[in-house]
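Visitor: Below you will find the structure I want to go over with you.
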Amino acid sequence: MTDMTATADRPLAPAPVPTFAEIRLPDEVRDALGAALTAVGDPTADVDHAMTRYLQAFAALPTGLLQRLVDFGRHIDAPGVALVGNLPVDPVLPDTPGDGGPARGKATFVAEGVLLGLSGLLGEPIGVTTEKDGRLVHDVIPVQGGARTQTNQGSEVFLNYHSDITHDVIGRYDIANPDFLVLSCLRADHEGVAMTSYADARDISAALEPEVLETLRSPLFRLNAPGSYTRDVAGDTEVLSDPVPLISGVGDHPEIVISANGVRALTSGAEAALDRLQEVCRAVSHTVRLRPGQALLINNRKGVHARSTFTARYDGRDRWLQRTYVRRNLWDIRYRVTPDNRRVHF
């Protein structure tokens, strides 16, 4: 595992492979961006208007910096994960919500502007009715009742390497899933030990034994629907996809998908390959301890991500991230759009 930890007293080490990138805003750019985002206010009243304002704000970044952010989302040979640092933050935060969000009484919306503005440089943020009630901004917060689950509510168990997927009635959970995630930190955990890790399919494929890689490229796996879907819709029962490969695509630019809520291997060889895959993910991963003012851009097709255990106290000061799901193109998932909101999908 490559430790890419960033803290105030320990700067981020250079990435040993091109699957990780670091982008940092100069102080004066951060301050100007923060002022522009503050002026937008609450984006939920008219999100398309807010997204346009965010685009104007981010377009004022220095050209080279803006190009690095945009290039992350548009080139097949770009890194699969990028840590963006020295971003503007809200001057005051309310308590971390104990129910998984959203926050009540938030006076400013700089964090939401950072999250949605970065998302708009990669594609279009979307909502899914079975994930955070269709909201575009997901508050990722430990919830007491979900502490030991393989979901974003967890804290007491390692959240295995996974892609963010969505249940789909067509039987494939790897088609309408997000192309990108943006994870932004509002508040770190009490001890500052929570780690977010990312493993790129290029590094994974290079590290796997050829016979294991061949098995993972075969349709010998069924993905379980996300925990939010099985909990809220399916009565805590498995809802499995059609058989799919976990790694696909051309050798130099592979794509990977793993469901957090469980993968069902169809043969003993596939089960062994799945176990080996998780081992290799740990070995090749990049790891970050997110701090306020930092965001991760994650290509949800090029790689998979995980989260370490940490101690939640449920005292209003727990770890608080915000997340978006981003699609390059909303046209391809038009069959899922809800009648009342063109950004929210079944």
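Identifiers in this document derive from the order of the structure tokens: chains are assigned A, B, ..., residues are numbered from 1 separately in each chain, and ligands are numbered from 1 in order of occurrence.
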Among range 191-318 of chain A, which residues carry a DSSP assignment of strand (DSSP E or B), reported as a PyMOL selection string?
Guide: chain A and resi 196-200+221-224+240+244+247-248+255-256+259+263-265+286-288+295-299+303-307
Visitor: Output N, CA, C and O atoms for every residue in that selection, as a tab-separated table (two decimals), in the first residue's frame.
Guide:
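Listed below is the output, selection_32.tsv:
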chain	number	residue	atom	x	y	z
A	196	THR	N	-9.05	6.95	3.50
A	196	THR	CA	-9.71	6.59	2.25
A	196	THR	C	-8.65	6.09	1.29
A	196	THR	O	-7.63	6.76	1.08
A	197	SER	N	-8.85	4.91	0.74
A	197	SER	CA	-7.86	4.29	-0.14
A	197	SER	C	-8.45	4.10	-1.52
A	197	SER	O	-9.66	3.91	-1.69
A	198	TYR	N	-7.58	4.14	-2.52
A	198	TYR	CA	-7.99	3.96	-3.91
A	198	TYR	C	-7.01	3.02	-4.59
A	198	TYR	O	-5.79	3.16	-4.45
A	199	ALA	N	-7.56	2.06	-5.33
A	199	ALA	CA	-6.73	1.12	-6.10
A	199	ALA	C	-7.17	1.19	-7.56
A	199	ALA	O	-8.35	1.01	-7.87
A	200	ASP	N	-6.22	1.46	-8.43
A	200	ASP	CA	-6.50	1.66	-9.85
A	200	ASP	C	-6.46	0.33	-10.59
A	200	ASP	O	-5.59	-0.51	-10.34
A	221	PHE	N	-19.38	-13.54	-11.84
A	221	PHE	CA	-19.67	-12.83	-10.60
A	221	PHE	C	-21.02	-12.12	-10.70
A	221	PHE	O	-21.39	-11.62	-11.76
A	222	ARG	N	-21.71	-12.09	-9.59
A	222	ARG	CA	-22.96	-11.33	-9.50
A	222	ARG	C	-22.81	-10.29	-8.39
A	222	ARG	O	-22.40	-10.62	-7.27
A	223	LEU	N	-23.14	-9.06	-8.70
A	223	LEU	CA	-23.00	-7.95	-7.77
A	223	LEU	C	-24.29	-7.79	-6.96
A	223	LEU	O	-25.38	-7.83	-7.52
A	224	ASN	N	-24.14	-7.61	-5.67
A	224	ASN	CA	-25.30	-7.34	-4.83
A	224	ASN	C	-25.64	-5.85	-4.92
A	224	ASN	O	-24.76	-5.00	-5.01
A	240	LEU	N	-29.35	-9.49	-6.69
A	240	LEU	CA	-28.11	-9.70	-7.43
A	240	LEU	C	-28.24	-9.32	-8.89
A	240	LEU	O	-29.31	-9.47	-9.51
A	244	VAL	N	-21.49	-10.93	-14.38
A	244	VAL	CA	-20.64	-9.95	-15.05
A	244	VAL	C	-19.18	-10.23	-14.70
A	244	VAL	O	-18.89	-10.86	-13.68
A	247	ILE	N	-13.40	-7.21	-14.02
A	247	ILE	CA	-12.47	-6.39	-14.79
A	247	ILE	C	-12.80	-6.59	-16.26
A	247	ILE	O	-13.02	-7.72	-16.72
A	248	SER	N	-12.85	-5.49	-17.01
A	248	SER	CA	-13.19	-5.56	-18.42
A	248	SER	C	-12.43	-4.48	-19.18
A	248	SER	O	-11.70	-3.69	-18.59
A	255	GLU	N	-11.34	-1.45	-16.98
A	255	GLU	CA	-12.40	-0.95	-16.11
A	255	GLU	C	-12.68	-2.00	-15.05
A	255	GLU	O	-12.56	-3.20	-15.31
A	256	ILE	N	-13.05	-1.56	-13.85
A	256	ILE	CA	-13.29	-2.48	-12.74
A	256	ILE	C	-14.58	-2.12	-12.05
A	256	ILE	O	-14.95	-0.95	-11.96
A	259	SER	N	-18.99	-4.52	-5.98
A	259	SER	CA	-20.06	-3.98	-5.13
A	259	SER	C	-19.66	-4.09	-3.67
A	259	SER	O	-19.17	-5.12	-3.21
A	263	VAL	N	-20.17	-9.47	-3.37
A	263	VAL	CA	-20.05	-10.06	-4.70
A	263	VAL	C	-20.21	-11.56	-4.53
A	263	VAL	O	-19.56	-12.17	-3.67
A	264	ARG	N	-21.06	-12.15	-5.34
A	264	ARG	CA	-21.28	-13.60	-5.29
A	264	ARG	C	-20.54	-14.26	-6.44
A	264	ARG	O	-20.90	-14.09	-7.61
A	265	ALA	N	-19.46	-14.97	-6.12
A	265	ALA	CA	-18.71	-15.71	-7.12
A	265	ALA	C	-19.47	-16.98	-7.48
A	265	ALA	O	-20.05	-17.64	-6.62
A	286	HIS	N	-3.44	3.72	-3.05
A	286	HIS	CA	-3.03	5.03	-2.55
A	286	HIS	C	-3.96	5.37	-1.39
A	286	HIS	O	-5.17	5.16	-1.47
A	287	THR	N	-3.40	5.91	-0.32
A	287	THR	CA	-4.19	6.15	0.89
A	287	THR	C	-4.07	7.60	1.33
A	287	THR	O	-2.98	8.16	1.36
A	288	VAL	N	-5.20	8.19	1.68
A	288	VAL	CA	-5.27	9.59	2.10
A	288	VAL	C	-6.06	9.69	3.38
A	288	VAL	O	-7.10	9.03	3.54
A	295	ALA	N	-10.41	17.56	-1.13
A	295	ALA	CA	-11.41	16.76	-1.83
A	295	ALA	C	-10.71	15.72	-2.69
A	295	ALA	O	-9.61	15.97	-3.21
A	296	LEU	N	-11.34	14.57	-2.83
A	296	LEU	CA	-10.85	13.52	-3.72
A	296	LEU	C	-11.73	13.46	-4.95
A	296	LEU	O	-12.97	13.37	-4.84
A	297	LEU	N	-11.10	13.49	-6.10
A	297	LEU	CA	-11.77	13.18	-7.36
A	297	LEU	C	-11.48	11.72	-7.65
A	297	LEU	O	-10.31	11.32	-7.72
A	298	ILE	N	-12.51	10.91	-7.82
A	298	ILE	CA	-12.34	9.47	-8.01
A	298	ILE	C	-13.02	9.04	-9.30
A	298	ILE	O	-14.22	9.29	-9.49
A	299	ASN	N	-12.25	8.44	-10.18
A	299	ASN	CA	-12.85	7.82	-11.36
A	299	ASN	C	-13.42	6.48	-10.95
A	299	ASN	O	-12.68	5.56	-10.58
A	303	GLY	N	-11.07	2.65	-11.12
A	303	GLY	CA	-10.57	2.08	-9.88
A	303	GLY	C	-11.65	1.88	-8.85
A	303	GLY	O	-12.83	2.19	-9.07
A	304	VAL	N	-11.24	1.35	-7.70
A	304	VAL	CA	-12.14	1.08	-6.58
A	304	VAL	C	-11.56	1.74	-5.33
A	304	VAL	O	-10.37	2.00	-5.24
A	305	HIS	N	-12.41	2.02	-4.37
A	305	HIS	CA	-11.97	2.72	-3.17
A	305	HIS	C	-12.45	1.99	-1.92
A	305	HIS	O	-13.34	1.13	-1.98
A	306	ALA	N	-11.86	2.34	-0.78
A	306	ALA	CA	-12.16	1.68	0.49
A	306	ALA	C	-12.03	2.70	1.61
A	306	ALA	O	-11.51	3.81	1.41
A	307	ARG	N	-12.49	2.32	2.80
A	307	ARG	CA	-12.38	3.19	3.97
A	307	ARG	C	-11.99	2.37	5.18
A	307	ARG	O	-12.53	1.28	5.42
Visitor: For the alpha helix (DSSP H) assignment from backbone DSSP, which residues of range 206-325 of chain A qualify? Please present them as an MDAnalysis selection string.
Guide: chainID A and resid 206:207 210:216 227:232 268:284
Visitor: Would you save the residues of that selection, restricted to C-alpha atoms, as a PDB file, in the first residue's frame?
Guide:
ATOM      1  CA  ALA A 206      -0.351  -5.400 -13.572  1.00  0.00           C
ATOM      2  CA  ALA A 207      -0.024  -7.015 -10.131  1.00  0.00           C
ATOM      3  CA  PRO A 210      -2.403 -13.959 -15.463  1.00  0.00           C
ATOM      4  CA  GLU A 211      -4.728 -16.825 -14.585  1.00  0.00           C
ATOM      5  CA  VAL A 212      -6.402 -14.799 -11.829  1.00  0.00           C
ATOM      6  CA  LEU A 213      -6.844 -11.839 -14.148  1.00  0.00           C
ATOM      7  CA  GLU A 214      -8.419 -14.111 -16.762  1.00  0.00           C
ATOM      8  CA  THR A 215     -10.933 -15.354 -14.188  1.00  0.00           C
ATOM      9  CA  LEU A 216     -11.779 -11.815 -13.092  1.00  0.00           C
ATOM     10  CA  GLY A 227     -26.905  -1.529   1.044  1.00  0.00           C
ATOM     11  CA  SER A 228     -29.227   1.466   0.821  1.00  0.00           C
ATOM     12  CA  TYR A 229     -31.365  -0.396  -1.731  1.00  0.00           C
ATOM     13  CA  THR A 230     -31.458  -3.734   0.052  1.00  0.00           C
ATOM     14  CA  ARG A 231     -32.195  -2.011   3.379  1.00  0.00           C
ATOM     15  CA  ASP A 232     -34.884   0.416   2.238  1.00  0.00           C
ATOM     16  CA  SER A 268     -14.715 -21.878  -6.435  1.00  0.00           C
ATOM     17  CA  GLY A 269     -12.064 -20.500  -8.788  1.00  0.00           C
ATOM     18  CA  ALA A 270     -13.941 -17.222  -9.026  1.00  0.00           C
ATOM     19  CA  GLU A 271     -14.183 -17.094  -5.218  1.00  0.00           C
ATOM     20  CA  ALA A 272     -10.418 -17.516  -4.911  1.00  0.00           C
ATOM     21  CA  ALA A 273      -9.853 -14.843  -7.570  1.00  0.00           C
ATOM     22  CA  LEU A 274     -12.132 -12.459  -5.668  1.00  0.00           C
ATOM     23  CA  ASP A 275     -10.125 -12.972  -2.481  1.00  0.00           C
ATOM     24  CA  ARG A 276      -6.894 -12.375  -4.373  1.00  0.00           C
ATOM     25  CA  LEU A 277      -8.351  -9.219  -5.904  1.00  0.00           C
ATOM     26  CA  GLN A 278      -8.954  -7.671  -2.481  1.00  0.00           C
ATOM     27  CA  GLU A 279      -5.394  -8.572  -1.440  1.00  0.00           C
ATOM     28  CA  VAL A 280      -3.938  -6.884  -4.498  1.00  0.00           C
ATOM     29  CA  CYS A 281      -6.129  -3.817  -4.009  1.00  0.00           C
ATOM     30  CA  ARG A 282      -4.571  -3.343  -0.576  1.00  0.00           C
ATOM     31  CA  ALA A 283      -1.065  -3.801  -1.965  1.00  0.00           C
ATOM     32  CA  VAL A 284      -1.300  -1.233  -4.787  1.00  0.00           C
TER      33      VAL A 284
END
Visitor: Excluding range 83-93 of chain A and residues on its chain fewer than 6 positions from it, collect all residues at most 10 Å away from it, counting only C-alpha atoms, and give them as a PDB file with N, CA, C and O atoms, in the first residue's frame.
Guide:
ATOM      1  N   MET A   4      -0.291   7.798   0.987  1.00  0.00           N
ATOM      2  CA  MET A   4      -0.338   9.139   0.429  1.00  0.00           C
ATOM      3  C   MET A   4      -0.954  10.103   1.418  1.00  0.00           C
ATOM      4  O   MET A   4      -1.628  11.057   1.050  1.00  0.00           O
ATOM      5  N   ALA A   6      -1.921  12.988   3.838  1.00  0.00           N
ATOM      6  CA  ALA A   6      -1.650  14.413   3.877  1.00  0.00           C
ATOM      7  C   ALA A   6      -2.098  14.967   5.213  1.00  0.00           C
ATOM      8  O   ALA A   6      -3.242  14.808   5.589  1.00  0.00           O
ATOM      9  N   LEU A  12       1.944  15.660   1.545  1.00  0.00           N
ATOM     10  CA  LEU A  12       1.687  14.495   0.712  1.00  0.00           C
ATOM     11  C   LEU A  12       2.940  14.092  -0.048  1.00  0.00           C
ATOM     12  O   LEU A  12       3.588  14.929  -0.684  1.00  0.00           O
ATOM     13  N   PHE A  20      -2.169   8.413  -9.507  1.00  0.00           N
ATOM     14  CA  PHE A  20      -2.526   9.366  -8.457  1.00  0.00           C
ATOM     15  C   PHE A  20      -1.997  10.742  -8.839  1.00  0.00           C
ATOM     16  O   PHE A  20      -0.905  10.864  -9.384  1.00  0.00           O
ATOM     17  N   ALA A  21      -2.778  11.786  -8.533  1.00  0.00           N
ATOM     18  CA  ALA A  21      -2.324  13.157  -8.768  1.00  0.00           C
ATOM     19  C   ALA A  21      -2.673  14.015  -7.563  1.00  0.00           C
ATOM     20  O   ALA A  21      -3.637  13.736  -6.841  1.00  0.00           O
ATOM     21  N   GLU A  22      -1.896  15.066  -7.345  1.00  0.00           N
ATOM     22  CA  GLU A  22      -2.199  16.050  -6.315  1.00  0.00           C
ATOM     23  C   GLU A  22      -2.304  17.420  -6.957  1.00  0.00           C
ATOM     24  O   GLU A  22      -1.459  17.808  -7.776  1.00  0.00           O
ATOM     25  N   ILE A  23      -3.356  18.142  -6.614  1.00  0.00           N
ATOM     26  CA  ILE A  23      -3.593  19.486  -7.135  1.00  0.00           C
ATOM     27  C   ILE A  23      -3.855  20.385  -5.929  1.00  0.00           C
ATOM     28  O   ILE A  23      -4.701  20.068  -5.090  1.00  0.00           O
ATOM     29  N   ARG A  24      -3.140  21.500  -5.854  1.00  0.00           N
ATOM     30  CA  ARG A  24      -3.288  22.384  -4.705  1.00  0.00           C
ATOM     31  C   ARG A  24      -3.531  23.815  -5.173  1.00  0.00           C
ATOM     32  O   ARG A  24      -2.813  24.323  -6.037  1.00  0.00           O
ATOM     33  N   LEU A  25      -4.530  24.459  -4.574  1.00  0.00           N
ATOM     34  CA  LEU A  25      -4.838  25.839  -4.913  1.00  0.00           C
ATOM     35  C   LEU A  25      -3.919  26.787  -4.140  1.00  0.00           C
ATOM     36  O   LEU A  25      -3.724  26.604  -2.928  1.00  0.00           O
ATOM     37  N   PRO A  26      -3.379  27.806  -4.788  1.00  0.00           N
ATOM     38  CA  PRO A  26      -2.672  28.856  -4.044  1.00  0.00           C
ATOM     39  C   PRO A  26      -3.644  29.596  -3.114  1.00  0.00           C
ATOM     40  O   PRO A  26      -4.857  29.625  -3.361  1.00  0.00           O
ATOM     41  N   ASP A  27      -3.119  30.209  -2.070  1.00  0.00           N
ATOM     42  CA  ASP A  27      -3.972  30.863  -1.079  1.00  0.00           C
ATOM     43  C   ASP A  27      -4.862  31.927  -1.698  1.00  0.00           C
ATOM     44  O   ASP A  27      -6.048  32.027  -1.376  1.00  0.00           O
ATOM     45  N   VAL A  29      -5.938  32.168  -4.732  1.00  0.00           N
ATOM     46  CA  VAL A  29      -6.969  31.535  -5.566  1.00  0.00           C
ATOM     47  C   VAL A  29      -8.061  30.941  -4.682  1.00  0.00           C
ATOM     48  O   VAL A  29      -9.257  31.070  -4.963  1.00  0.00           O
ATOM     49  N   ARG A  30      -7.652  30.283  -3.601  1.00  0.00           N
ATOM     50  CA  ARG A  30      -8.628  29.747  -2.636  1.00  0.00           C
ATOM     51  C   ARG A  30      -9.547  30.831  -2.123  1.00  0.00           C
ATOM     52  O   ARG A  30     -10.779  30.645  -2.076  1.00  0.00           O
ATOM     53  N   ASP A  31      -9.000  31.961  -1.734  1.00  0.00           N
ATOM     54  CA  ASP A  31      -9.813  33.024  -1.148  1.00  0.00           C
ATOM     55  C   ASP A  31     -10.790  33.603  -2.162  1.00  0.00           C
ATOM     56  O   ASP A  31     -11.952  33.885  -1.832  1.00  0.00           O
ATOM     57  N   ALA A  32     -10.330  33.803  -3.383  1.00  0.00           N
ATOM     58  CA  ALA A  32     -11.219  34.347  -4.415  1.00  0.00           C
ATOM     59  C   ALA A  32     -12.331  33.359  -4.751  1.00  0.00           C
ATOM     60  O   ALA A  32     -13.502  33.744  -4.917  1.00  0.00           O
ATOM     61  N   LEU A  33     -11.983  32.076  -4.831  1.00  0.00           N
ATOM     62  CA  LEU A  33     -13.000  31.063  -5.112  1.00  0.00           C
ATOM     63  C   LEU A  33     -14.005  30.991  -3.972  1.00  0.00           C
ATOM     64  O   LEU A  33     -15.222  30.896  -4.196  1.00  0.00           O
ATOM     65  N   GLY A  34     -13.529  31.060  -2.736  1.00  0.00           N
ATOM     66  CA  GLY A  34     -14.430  31.013  -1.595  1.00  0.00           C
ATOM     67  C   GLY A  34     -15.422  32.154  -1.597  1.00  0.00           C
ATOM     68  O   GLY A  34     -16.606  31.963  -1.283  1.00  0.00           O
ATOM     69  N   ALA A  35     -14.970  33.350  -1.944  1.00  0.00           N
ATOM     70  CA  ALA A  35     -15.874  34.498  -2.000  1.00  0.00           C
ATOM     71  C   ALA A  35     -16.939  34.295  -3.071  1.00  0.00           C
ATOM     72  O   ALA A  35     -18.129  34.602  -2.863  1.00  0.00           O
ATOM     73  N   LEU A  37     -18.081  31.416  -4.272  1.00  0.00           N
ATOM     74  CA  LEU A  37     -18.997  30.353  -3.882  1.00  0.00           C
ATOM     75  C   LEU A  37     -19.951  30.818  -2.779  1.00  0.00           C
ATOM     76  O   LEU A  37     -21.130  30.443  -2.758  1.00  0.00           O
ATOM     77  N   THR A  38     -19.452  31.620  -1.863  1.00  0.00           N
ATOM     78  CA  THR A  38     -20.307  32.142  -0.797  1.00  0.00           C
ATOM     79  C   THR A  38     -21.456  32.949  -1.373  1.00  0.00           C
ATOM     80  O   THR A  38     -22.589  32.885  -0.882  1.00  0.00           O
ATOM     81  N   LEU A  69      -7.678  20.068 -13.558  1.00  0.00           N
ATOM     82  CA  LEU A  69      -8.946  19.563 -13.041  1.00  0.00           C
ATOM     83  C   LEU A  69      -9.812  19.008 -14.162  1.00  0.00           C
ATOM     84  O   LEU A  69     -10.392  17.919 -14.038  1.00  0.00           O
ATOM     85  N   ALA A 103     -27.369  18.425   6.972  1.00  0.00           N
ATOM     86  CA  ALA A 103     -27.239  19.235   8.179  1.00  0.00           C
ATOM     87  C   ALA A 103     -28.392  20.221   8.286  1.00  0.00           C
ATOM     88  O   ALA A 103     -28.932  20.691   7.283  1.00  0.00           O
ATOM     89  N   GLY A 105     -29.521  23.950   9.805  1.00  0.00           N
ATOM     90  CA  GLY A 105     -28.977  25.207  10.289  1.00  0.00           C
ATOM     91  C   GLY A 105     -27.622  25.560   9.723  1.00  0.00           C
ATOM     92  O   GLY A 105     -26.873  26.310  10.354  1.00  0.00           O
ATOM     93  N   LYS A 106     -27.285  25.061   8.554  1.00  0.00           N
ATOM     94  CA  LYS A 106     -26.007  25.422   7.936  1.00  0.00           C
ATOM     95  C   LYS A 106     -26.157  26.832   7.359  1.00  0.00           C
ATOM     96  O   LYS A 106     -26.985  27.077   6.487  1.00  0.00           O
ATOM     97  N   ALA A 107     -25.319  27.746   7.828  1.00  0.00           N
ATOM     98  CA  ALA A 107     -25.501  29.157   7.482  1.00  0.00           C
ATOM     99  C   ALA A 107     -24.898  29.515   6.135  1.00  0.00           C
ATOM    100  O   ALA A 107     -25.379  30.430   5.454  1.00  0.00           O
ATOM    101  N   THR A 108     -23.826  28.848   5.732  1.00  0.00           N
ATOM    102  CA  THR A 108     -23.186  29.097   4.445  1.00  0.00           C
ATOM    103  C   THR A 108     -23.049  27.780   3.692  1.00  0.00           C
ATOM    104  O   THR A 108     -23.145  26.701   4.275  1.00  0.00           O
ATOM    105  N   PHE A 109     -22.789  27.883   2.385  1.00  0.00           N
ATOM    106  CA  PHE A 109     -22.815  26.685   1.536  1.00  0.00           C
ATOM    107  C   PHE A 109     -21.574  26.621   0.648  1.00  0.00           C
ATOM    108  O   PHE A 109     -21.645  26.229  -0.512  1.00  0.00           O
ATOM    109  N   VAL A 110     -20.439  26.986   1.260  1.00  0.00           N
ATOM    110  CA  VAL A 110     -19.181  26.911   0.531  1.00  0.00           C
ATOM    111  C   VAL A 110     -18.830  25.461   0.211  1.00  0.00           C
ATOM    112  O   VAL A 110     -18.396  25.138  -0.902  1.00  0.00           O
ATOM    113  N   ALA A 111     -19.013  24.548   1.165  1.00  0.00           N
ATOM    114  CA  ALA A 111     -18.684  23.136   0.943  1.00  0.00           C
ATOM    115  C   ALA A 111     -19.489  22.570  -0.217  1.00  0.00           C
ATOM    116  O   ALA A 111     -18.949  21.839  -1.065  1.00  0.00           O
ATOM    117  N   GLU A 112     -20.779  22.906  -0.262  1.00  0.00           N
ATOM    118  CA  GLU A 112     -21.611  22.428  -1.358  1.00  0.00           C
ATOM    119  C   GLU A 112     -21.142  23.005  -2.694  1.00  0.00           C
ATOM    120  O   GLU A 112     -21.171  22.327  -3.729  1.00  0.00           O
ATOM    121  N   GLY A 113     -20.693  24.274  -2.671  1.00  0.00           N
ATOM    122  CA  GLY A 113     -20.172  24.877  -3.890  1.00  0.00           C
ATOM    123  C   GLY A 113     -18.900  24.220  -4.368  1.00  0.00           C
ATOM    124  O   GLY A 113     -18.703  24.006  -5.571  1.00  0.00           O
ATOM    125  N   VAL A 114     -18.009  23.892  -3.434  1.00  0.00           N
ATOM    126  CA  VAL A 114     -16.790  23.169  -3.793  1.00  0.00           C
ATOM    127  C   VAL A 114     -17.147  21.827  -4.415  1.00  0.00           C
ATOM    128  O   VAL A 114     -16.636  21.447  -5.480  1.00  0.00           O
ATOM    129  N   LEU A 118     -16.612  21.242  -8.451  1.00  0.00           N
ATOM    130  CA  LEU A 118     -15.679  20.235  -8.949  1.00  0.00           C
ATOM    131  C   LEU A 118     -16.403  19.186  -9.790  1.00  0.00           C
ATOM    132  O   LEU A 118     -15.897  18.743 -10.826  1.00  0.00           O
ATOM    133  N   LEU A 183     -15.462  13.374  -3.300  1.00  0.00           N
ATOM    134  CA  LEU A 183     -15.552  13.283  -1.847  1.00  0.00           C
ATOM    135  C   LEU A 183     -14.848  14.496  -1.253  1.00  0.00           C
ATOM    136  O   LEU A 183     -13.650  14.692  -1.487  1.00  0.00           O
ATOM    137  N   SER A 184     -15.576  15.289  -0.497  1.00  0.00           N
ATOM    138  CA  SER A 184     -15.013  16.491   0.104  1.00  0.00           C
ATOM    139  C   SER A 184     -15.141  16.421   1.614  1.00  0.00           C
ATOM    140  O   SER A 184     -16.170  15.986   2.140  1.00  0.00           O
ATOM    141  N   CYS A 185     -14.088  16.823   2.315  1.00  0.00           N
ATOM    142  CA  CYS A 185     -14.059  16.719   3.774  1.00  0.00           C
ATOM    143  C   CYS A 185     -14.474  18.034   4.420  1.00  0.00           C
ATOM    144  O   CYS A 185     -13.872  19.079   4.163  1.00  0.00           O
ATOM    145  N   LEU A 186     -15.494  17.956   5.266  1.00  0.00           N
ATOM    146  CA  LEU A 186     -15.898  19.096   6.087  1.00  0.00           C
ATOM    147  C   LEU A 186     -15.312  18.995   7.490  1.00  0.00           C
ATOM    148  O   LEU A 186     -14.952  20.005   8.093  1.00  0.00           O
ATOM    149  N   ARG A 187     -15.237  17.755   8.006  1.00  0.00           N
ATOM    150  CA  ARG A 187     -14.722  17.557   9.360  1.00  0.00           C
ATOM    151  C   ARG A 187     -14.053  16.185   9.422  1.00  0.00           C
ATOM    152  O   ARG A 187     -14.633  15.186   8.978  1.00  0.00           O
ATOM    153  N   VAL A 288      -5.201   8.191   1.679  1.00  0.00           N
ATOM    154  CA  VAL A 288      -5.272   9.591   2.096  1.00  0.00           C
ATOM    155  C   VAL A 288      -6.064   9.693   3.384  1.00  0.00           C
ATOM    156  O   VAL A 288      -7.098   9.026   3.537  1.00  0.00           O
ATOM    157  N   LEU A 290      -8.199  12.362   4.789  1.00  0.00           N
ATOM    158  CA  LEU A 290      -8.777  13.626   4.348  1.00  0.00           C
ATOM    159  C   LEU A 290      -8.921  14.607   5.504  1.00  0.00           C
ATOM    160  O   LEU A 290      -9.293  14.230   6.617  1.00  0.00           O
ATOM    161  N   ARG A 291      -8.656  15.863   5.197  1.00  0.00           N
ATOM    162  CA  ARG A 291      -8.793  16.960   6.133  1.00  0.00           C
ATOM    163  C   ARG A 291      -9.699  18.033   5.528  1.00  0.00           C
ATOM    164  O   ARG A 291      -9.849  18.101   4.300  1.00  0.00           O
ATOM    165  N   PRO A 292     -10.310  18.892   6.354  1.00  0.00           N
ATOM    166  CA  PRO A 292     -11.114  19.992   5.788  1.00  0.00           C
ATOM    167  C   PRO A 292     -10.303  20.802   4.784  1.00  0.00           C
ATOM    168  O   PRO A 292      -9.110  21.070   4.987  1.00  0.00           O
ATOM    169  N   GLY A 293     -10.955  21.170   3.682  1.00  0.00           N
ATOM    170  CA  GLY A 293     -10.262  21.866   2.613  1.00  0.00           C
ATOM    171  C   GLY A 293      -9.636  20.940   1.595  1.00  0.00           C
ATOM    172  O   GLY A 293      -8.933  21.399   0.692  1.00  0.00           O
ATOM    173  N   GLN A 294      -9.886  19.639   1.719  1.00  0.00           N
ATOM    174  CA  GLN A 294      -9.389  18.667   0.750  1.00  0.00           C
ATOM    175  C   GLN A 294     -10.563  17.903   0.136  1.00  0.00           C
ATOM    176  O   GLN A 294     -11.571  17.646   0.800  1.00  0.00           O
ATOM    177  N   ALA A 295     -10.410  17.558  -1.131  1.00  0.00           N
ATOM    178  CA  ALA A 295     -11.414  16.763  -1.834  1.00  0.00           C
ATOM    179  C   ALA A 295     -10.709  15.725  -2.687  1.00  0.00           C
ATOM    180  O   ALA A 295      -9.607  15.968  -3.205  1.00  0.00           O
ATOM    181  N   LEU A 296     -11.338  14.575  -2.831  1.00  0.00           N
ATOM    182  CA  LEU A 296     -10.851  13.525  -3.715  1.00  0.00           C
ATOM    183  C   LEU A 296     -11.729  13.459  -4.952  1.00  0.00           C
ATOM    184  O   LEU A 296     -12.968  13.372  -4.842  1.00  0.00           O
ATOM    185  N   LEU A 297     -11.103  13.493  -6.104  1.00  0.00           N
ATOM    186  CA  LEU A 297     -11.772  13.178  -7.356  1.00  0.00           C
ATOM    187  C   LEU A 297     -11.478  11.721  -7.654  1.00  0.00           C
ATOM    188  O   LEU A 297     -10.310  11.317  -7.719  1.00  0.00           O
ATOM    189  N   ILE A 298     -12.513  10.909  -7.820  1.00  0.00           N
ATOM    190  CA  ILE A 298     -12.343   9.471  -8.005  1.00  0.00           C
ATOM    191  C   ILE A 298     -13.017   9.044  -9.297  1.00  0.00           C
ATOM    192  O   ILE A 298     -14.217   9.291  -9.487  1.00  0.00           O
ATOM    193  N   ARG A 317     -19.434  15.950  16.495  1.00  0.00           N
ATOM    194  CA  ARG A 317     -18.125  16.308  15.948  1.00  0.00           C
ATOM    195  C   ARG A 317     -17.498  15.145  15.193  1.00  0.00           C
ATOM    196  O   ARG A 317     -16.286  15.096  15.013  1.00  0.00           O
TER     197      ARG A 317
END
Visitor: Report, in Å to a single decimal, how far apart CA of Pro125 in chain A and CA of Gln322 in chain A are.
Guide: 12.8 Å
Visitor: Can you tell me, as JSON, numbers by chain, what residues are no more than 6 Å from range 131-135 of chain A when counting only C-alpha atoms, ignoring any on the same chain fewer than 3 positions away?
Guide: {"A": [127, 128, 344]}
Visitor: Using all heavy atoms, can you write the selected residues to a file as a tab-separated table (two decimals), in the first residue's frame?
Guide:
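The result, written out as selection37.tsv:
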chain	number	residue	atom	x	y	z
A	127	GLY	N	-28.75	12.45	-8.93
A	127	GLY	CA	-29.32	11.83	-7.75
A	127	GLY	C	-29.94	10.50	-8.10
A	127	GLY	O	-30.34	10.27	-9.24
A	128	VAL	N	-30.01	9.61	-7.12
A	128	VAL	CA	-30.64	8.30	-7.27
A	128	VAL	C	-31.64	8.15	-6.12
A	128	VAL	O	-31.27	8.36	-4.96
A	128	VAL	CB	-29.61	7.15	-7.25
A	128	VAL	CG1	-30.30	5.81	-7.43
A	128	VAL	CG2	-28.55	7.36	-8.31
A	344	VAL	N	-32.53	13.52	-11.16
A	344	VAL	CA	-32.75	12.42	-10.21
A	344	VAL	C	-33.28	11.21	-10.96
A	344	VAL	O	-34.17	11.33	-11.81
A	344	VAL	CB	-33.73	12.84	-9.10
A	344	VAL	CG1	-33.97	11.68	-8.13
A	344	VAL	CG2	-33.19	14.06	-8.34
